[in-house]
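These notes concern the structure reproduced below.
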Amino acid sequence: MHDMEGHSHEGHLHDTMVDGKLLVVNPERFDNFVSTLEGKQVAIISVSGMVCDFCARGIEKTFKKDKSVQKIDVDLNRGKVLIAYAGDKEIDFDDIKKKILANGQNATDLQILDI
């Protein structure tokens with residue numbers, strides 16, 4: 001194994017194509033998010049209209065109330081929300097859209113990765 005001074009990148013999951021689309025996430029943030037999520041699935045939601053920290057915190061609060069959400073990260077700069085669920089959870093994009101819409105934004109895309 002060649003050592004690249006701590007450059008592991010957990011298998012480069014963020015370079016994965018999902019439904020024919022490249023995952024556009026902050027690589028370090030993504031790796032950090034999934035580092036403890038083996039056997040889980042992660043929903044990557046693209047959100048439009050998320051323009052301030054207040055918006056991001058609102059989305060975070062809304063999803064933290066959902067008992068099936070195991071971890072959440074809202075990346076304001078990229079307009080992405082990462083949500084970790086159990087590996088066997090049925091992820092409902094309509095439910096996610098409703099929660100984000102209730103917060104004043106629009107969920108425009110969903111990608112799901114098994115970690």
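Each chain of the structure tokens is named A, B, ... in the order shown, its residues numbered from 1; ligands are numbered from 1 in display order.
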
Point to revise | Which of chain A fall in strand (DSSP E or B), as a PyMOL selection string | key: chain A and resi 17-18+21-22+41-48+71-75+80-85+106-114

**Study point:** Selection: 12 Å around Thr108 in chain A, only C-alpha atoms, excl. self and same-chain fewer than 4 positions, as an MDAnalysis selection string
**Key:** chainID A and resid 44:50 79:81 93:94 96:98 100:101

Check your understanding: CA of Leu113 in chain A to CA of Asp73 in chain A: how many Å, to one decimal?
Key -> 14.9 Å

Point to revise | Top pick for closest residue to Ile83 in chain A, considering A:Cys55, A:Ala43, A:Ser68, A:Lys61 and counting only C-alpha atoms | key: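 Comparing A:Cys55, A:Ala43, A:Ser68, A:Lys61 against Ile83 in chain A, the winner is A:Ala43.
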
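Coordinates place CA of Ile72 in chain A at a distance of 14.7 Å from CA of Ile115 in chain A.
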
Review point. Between CA of Lys40 in chain A and CA of Arg57 in chain A, what is the spacing in Å?
Key: 23.4 Å

Point to revise | Residue among A:Ile59, A:Lys67, A:Glu28, A:Gly87 lying closest to Ala107 in chain A, counting only C-alpha atoms | key: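 Using only C-alpha atoms, the shortest distance to Ala107 in chain A belongs to A:Ile59.
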
Exercise for review: Go through chain A and collect every residue that DSSP, computed from the backbone, puts in helix (DSSP H, G or I); the answer should be as a PyMOL selection string.
Suggested key: chain A and resi 9-11+13-15+27-34+53-64+93-102

**Study point:** Selection near Ala84 in chain A, 6 Å with only C-alpha atoms, sequence-local residues under 5 positions removed, as number ranges by chain
**Key:** A: 41-42, 69-71

With C-alpha atoms kept, could you save the residues just selected as a PDB file, in the first residue's frame?
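After the write, result.pdb holds the following:
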```
ATOM      1  CA  GLN A  41     -27.566   4.745   3.395  1.00  0.00           C
ATOM      2  CA  VAL A  42     -27.078   8.409   2.733  1.00  0.00           C
ATOM      3  CA  VAL A  69     -32.579  10.338  10.654  1.00  0.00           C
ATOM      4  CA  GLN A  70     -29.304   9.160  12.153  1.00  0.00           C
ATOM      5  CA  LYS A  71     -27.097  12.055  11.079  1.00  0.00           C
TER       6      LYS A  71
END
```

**Study point:** Which residue of A:Ala56, A:Ile112, A:Leu82, A:Ala102 approaches Arg29 in chain A most closely, using only C-alpha atoms
**Key:** A:Leu82
